[in-house]
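Here is the structure we will look at, set down as structure tokens.
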Amino acid sequence: MVTGKARAPLVALLTDFGTADGYVGVMKAVILGITPDLPLVDLTHAIPPQDVRAGAWVLHTVWQDLPPDSICLGVVDPGVGTERRAVAAAVSGRYFVGPDNGLLGYVLAATPATAAVLLDNPRFARPNPSAPFHRRDLFAPAAGHLAAGLDLTHLGTPLAPETLITRALPQPEPHADGWLGHVLHVDHFGTLITDFGPSVAPALLRQPQLRLRVGGTEIHAQAATFAAGPPDTPFALLDSSGHLAIAIRNGSAAAWLHVGRDAEVLAVGAQRPPV
């Protein structure tokens, strides 16, 4: 049996910073300056600028794949420097650091935090934090100190976890012709991920008469995988998140259908599923 020092916790980063500037690199440098040799994972830095909802969706789909004790540093922060709170929270054996602006909203709605703090202890921030650079001066140090083993409660003033901003996932609603949902997210490939979630989507896709009306187009085809979809026509499938999705094989369903996030998706010709 191989023994040695305990494995350092993983730090996962999600931002809207892109990679053209040095913002991501500086955050990593601050974290590693506090706790060297940490495993760092870039979940994504391609969230559309200031798009808190898109960031919340991606966090919702990936956080449970992070190993226990991981620290997720998420920064999509159009309100930086305002009265929005900078926080850290414990959720199901993992830690989240970021702005309390709804970015953690889908996660917290499904799995409430067990503890939370305001990042206001100057001992664990960079000196004289800059209002526009909380990512470097507050959030990155907090993640680094948590990775070093600091107890969450030392980072700042305790917060009641229920005061953190939550964002419940939208749900489809009854409609005269069936069941009305919406596009929750459009991924990098142009796949439309809908709010027909895991409790609804599998039952819908088992109904042979299912038709989906999106952007003036009625979709009849279904497939188990992207490669199995019919060519040059949109089809429905079960996304890896467990949601019903609409795709085009080797193409963009969003472009083909001329729709985006919040577009209506009407399920017709099938029994209404329970929500």
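Residue numbers start at 1 in each chain; chains themselves are named A, B, ... in the order of the structure tokens; ligands are numbered from 1 in the order shown.
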
Item to check | Who sits within 9 Å of Met27 (chain A), only C-alpha atoms, same chain under 6 positions skipped, as number ranges by chain | outcome: A: 135-137, 139-141

Next on the checklist: When DSSP is applied to the backbone of this structure, which of region 8-230 of chain A are assigned alpha helix (DSSP H)? Write them out as a PyMOL selection string.
Outcome noted: chain A and resi 23-34+52-62+105-110+134+140-147+201-205

Item to check | Shell around His188 (chain A) at 10 Å using only C-alpha atoms, local window under 3 positions removed, as number ranges by chain | outcome: A: 46, 185, 191-192, 252

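Between Tyr95 (chain A) and the residues A:Gln64, A:Asn121, A:Thr82, A:Thr166, the shortest atom-to-atom distance, using only C-alpha atoms, involves A:Gln64.
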
Item to check | region 253-269 of chain A environment, 7 Å, only C-alpha atoms, sequence neighbours closer than 5 positions dropped, as a PyMOL selection string | outcome: chain A and resi 177-186+190-192+209-215+234+246-248

Prev. selection, C-alpha atoms, output as a PDB file, in the first residue's frame:
```
ATOM      1  CA  ASP A 177     -51.883  21.566 -26.993  1.00  0.00           C
ATOM      2  CA  GLY A 178     -49.689  19.668 -24.569  1.00  0.00           C
ATOM      3  CA  TRP A 179     -46.837  20.950 -22.468  1.00  0.00           C
ATOM      4  CA  LEU A 180     -45.023  24.268 -22.897  1.00  0.00           C
ATOM      5  CA  GLY A 181     -41.336  24.570 -22.068  1.00  0.00           C
ATOM      6  CA  HIS A 182     -38.441  26.812 -23.034  1.00  0.00           C
ATOM      7  CA  VAL A 183     -34.826  26.679 -24.102  1.00  0.00           C
ATOM      8  CA  LEU A 184     -32.670  26.922 -20.985  1.00  0.00           C
ATOM      9  CA  HIS A 185     -29.267  26.989 -22.616  1.00  0.00           C
ATOM     10  CA  VAL A 186     -27.601  26.930 -26.023  1.00  0.00           C
ATOM     11  CA  GLY A 190     -25.785  25.138 -31.014  1.00  0.00           C
ATOM     12  CA  THR A 191     -27.713  22.380 -29.251  1.00  0.00           C
ATOM     13  CA  LEU A 192     -30.860  23.651 -27.539  1.00  0.00           C
ATOM     14  CA  GLN A 209     -46.377  10.473 -31.032  1.00  0.00           C
ATOM     15  CA  LEU A 210     -44.187  13.202 -29.530  1.00  0.00           C
ATOM     16  CA  ARG A 211     -43.807  16.309 -31.662  1.00  0.00           C
ATOM     17  CA  LEU A 212     -41.935  19.448 -30.699  1.00  0.00           C
ATOM     18  CA  ARG A 213     -42.801  22.860 -32.084  1.00  0.00           C
ATOM     19  CA  VAL A 214     -39.898  25.299 -31.973  1.00  0.00           C
ATOM     20  CA  GLY A 215     -39.535  28.550 -33.893  1.00  0.00           C
ATOM     21  CA  PRO A 234     -33.455  18.825 -36.143  1.00  0.00           C
ATOM     22  CA  ILE A 246     -32.811  19.560 -29.758  1.00  0.00           C
ATOM     23  CA  ALA A 247     -29.846  19.065 -32.049  1.00  0.00           C
ATOM     24  CA  ILE A 248     -28.663  18.936 -35.637  1.00  0.00           C
TER      25      ILE A 248
END
```

Checklist entry - Within 12 Å of Ala228 (chain A), counting only C-alpha atoms, which residues qualify if same-chain residues fewer than 6 places away don't, as JSON, numbers by chain? => result {"A": [221, 222, 234, 235, 236, 237, 247, 248, 249, 250]}

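Here the question is which of A:Glu162, A:Asp21, A:Asp195, A:Asp65 gets nearest to Pro112 (chain A) using only C-alpha atoms, and that residue is A:Glu162.
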
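Taking CA of Thr217 (chain A) and CA of Gly242 (chain A) as endpoints, the distance between them is 23.3 Å.
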
Next on the checklist: Report, in Å to a single decimal, how far apart CA of Gly33 (chain A) and CA of Leu150 (chain A) are.
Outcome noted: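 Result for CA of Leu150 (chain A) versus CA of Gly33 (chain A): 15.0 Å, one decimal.
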
Checklist entry - Can you list, as a list in words, every residue of region 108-215 of chain A that DSSP puts in strand (DSSP E or B)? => result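 Checking each residue of region 108-215 of chain A, the strand (DSSP E or B) ones are Ala115, Ala116, Val117, Leu118, Pro158, Leu159, Glu173, Pro174, His175, Gly178, Trp179, Leu180, Gly181, His182, Val183, Leu184, His185, Val186, Leu192, Ile193, Thr194, Arg211, Leu212, Arg213 and Val214 of chain A.
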
Would you mind exporting N, CA and C atoms of the selected residues as a PDB file, in the first residue's frame?
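Result went into part-v1.pdb, see below:
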```
ATOM      1  N   ALA A 115     -23.366  25.879   5.131  1.00  0.00           N
ATOM      2  CA  ALA A 115     -22.690  26.978   5.822  1.00  0.00           C
ATOM      3  C   ALA A 115     -22.272  27.994   4.772  1.00  0.00           C
ATOM      4  N   ALA A 116     -22.164  29.260   5.191  1.00  0.00           N
ATOM      5  CA  ALA A 116     -21.751  30.310   4.265  1.00  0.00           C
ATOM      6  C   ALA A 116     -21.136  31.457   5.049  1.00  0.00           C
ATOM      7  N   VAL A 117     -20.235  32.180   4.403  1.00  0.00           N
ATOM      8  CA  VAL A 117     -19.602  33.344   5.024  1.00  0.00           C
ATOM      9  C   VAL A 117     -19.479  34.466   4.009  1.00  0.00           C
ATOM     10  N   LEU A 118     -19.437  35.678   4.527  1.00  0.00           N
ATOM     11  CA  LEU A 118     -19.093  36.857   3.753  1.00  0.00           C
ATOM     12  C   LEU A 118     -17.574  36.980   3.747  1.00  0.00           C
ATOM     13  N   PRO A 158     -20.140  34.983   9.401  1.00  0.00           N
ATOM     14  CA  PRO A 158     -21.101  33.941   9.026  1.00  0.00           C
ATOM     15  C   PRO A 158     -22.370  34.532   8.411  1.00  0.00           C
ATOM     16  N   LEU A 159     -22.892  33.814   7.433  1.00  0.00           N
ATOM     17  CA  LEU A 159     -24.155  34.179   6.792  1.00  0.00           C
ATOM     18  C   LEU A 159     -25.144  33.035   6.968  1.00  0.00           C
ATOM     19  N   GLU A 173     -44.874  24.020 -18.384  1.00  0.00           N
ATOM     20  CA  GLU A 173     -46.204  24.279 -17.850  1.00  0.00           C
ATOM     21  C   GLU A 173     -47.266  23.670 -18.762  1.00  0.00           C
ATOM     22  N   PRO A 174     -48.434  23.334 -18.193  1.00  0.00           N
ATOM     23  CA  PRO A 174     -49.519  22.817 -19.036  1.00  0.00           C
ATOM     24  C   PRO A 174     -49.912  23.825 -20.111  1.00  0.00           C
ATOM     25  N   HIS A 175     -50.309  23.289 -21.267  1.00  0.00           N
ATOM     26  CA  HIS A 175     -50.703  24.114 -22.408  1.00  0.00           C
ATOM     27  C   HIS A 175     -51.876  23.412 -23.085  1.00  0.00           C
ATOM     28  N   GLY A 178     -50.622  20.630 -25.140  1.00  0.00           N
ATOM     29  CA  GLY A 178     -49.689  19.668 -24.569  1.00  0.00           C
ATOM     30  C   GLY A 178     -48.952  20.225 -23.365  1.00  0.00           C
ATOM     31  N   TRP A 179     -47.689  20.510 -23.576  1.00  0.00           N
ATOM     32  CA  TRP A 179     -46.837  20.950 -22.468  1.00  0.00           C
ATOM     33  C   TRP A 179     -45.868  21.997 -23.012  1.00  0.00           C
ATOM     34  N   LEU A 180     -45.830  23.168 -22.393  1.00  0.00           N
ATOM     35  CA  LEU A 180     -45.023  24.268 -22.897  1.00  0.00           C
ATOM     36  C   LEU A 180     -43.760  24.433 -22.059  1.00  0.00           C
ATOM     37  N   GLY A 181     -42.617  24.326 -22.710  1.00  0.00           N
ATOM     38  CA  GLY A 181     -41.336  24.570 -22.068  1.00  0.00           C
ATOM     39  C   GLY A 181     -40.562  25.636 -22.810  1.00  0.00           C
ATOM     40  N   HIS A 182     -39.295  25.793 -22.419  1.00  0.00           N
ATOM     41  CA  HIS A 182     -38.441  26.812 -23.034  1.00  0.00           C
ATOM     42  C   HIS A 182     -37.014  26.300 -23.152  1.00  0.00           C
ATOM     43  N   VAL A 183     -36.250  26.970 -23.986  1.00  0.00           N
ATOM     44  CA  VAL A 183     -34.826  26.679 -24.102  1.00  0.00           C
ATOM     45  C   VAL A 183     -34.123  27.300 -22.899  1.00  0.00           C
ATOM     46  N   LEU A 184     -33.428  26.455 -22.153  1.00  0.00           N
ATOM     47  CA  LEU A 184     -32.670  26.922 -20.985  1.00  0.00           C
ATOM     48  C   LEU A 184     -31.290  27.413 -21.359  1.00  0.00           C
ATOM     49  N   HIS A 185     -30.675  26.737 -22.333  1.00  0.00           N
ATOM     50  CA  HIS A 185     -29.267  26.989 -22.616  1.00  0.00           C
ATOM     51  C   HIS A 185     -28.973  26.568 -24.055  1.00  0.00           C
ATOM     52  N   VAL A 186     -28.105  27.305 -24.702  1.00  0.00           N
ATOM     53  CA  VAL A 186     -27.601  26.930 -26.023  1.00  0.00           C
ATOM     54  C   VAL A 186     -26.114  26.649 -25.870  1.00  0.00           C
ATOM     55  N   LEU A 192     -29.895  22.972 -28.395  1.00  0.00           N
ATOM     56  CA  LEU A 192     -30.860  23.651 -27.539  1.00  0.00           C
ATOM     57  C   LEU A 192     -31.220  22.730 -26.376  1.00  0.00           C
ATOM     58  N   ILE A 193     -30.873  23.120 -25.174  1.00  0.00           N
ATOM     59  CA  ILE A 193     -31.187  22.328 -23.986  1.00  0.00           C
ATOM     60  C   ILE A 193     -32.403  22.948 -23.330  1.00  0.00           C
ATOM     61  N   THR A 194     -33.439  22.143 -23.133  1.00  0.00           N
ATOM     62  CA  THR A 194     -34.731  22.669 -22.704  1.00  0.00           C
ATOM     63  C   THR A 194     -34.977  22.435 -21.219  1.00  0.00           C
ATOM     64  N   ARG A 211     -44.245  15.297 -30.705  1.00  0.00           N
ATOM     65  CA  ARG A 211     -43.807  16.309 -31.662  1.00  0.00           C
ATOM     66  C   ARG A 211     -43.416  17.555 -30.881  1.00  0.00           C
ATOM     67  N   LEU A 212     -42.389  18.223 -31.341  1.00  0.00           N
ATOM     68  CA  LEU A 212     -41.935  19.448 -30.699  1.00  0.00           C
ATOM     69  C   LEU A 212     -42.060  20.598 -31.691  1.00  0.00           C
ATOM     70  N   ARG A 213     -42.693  21.661 -31.254  1.00  0.00           N
ATOM     71  CA  ARG A 213     -42.801  22.860 -32.084  1.00  0.00           C
ATOM     72  C   ARG A 213     -41.850  23.910 -31.537  1.00  0.00           C
ATOM     73  N   VAL A 214     -40.916  24.324 -32.367  1.00  0.00           N
ATOM     74  CA  VAL A 214     -39.898  25.299 -31.973  1.00  0.00           C
ATOM     75  C   VAL A 214     -39.675  26.260 -33.132  1.00  0.00           C
TER      76      VAL A 214
END
```
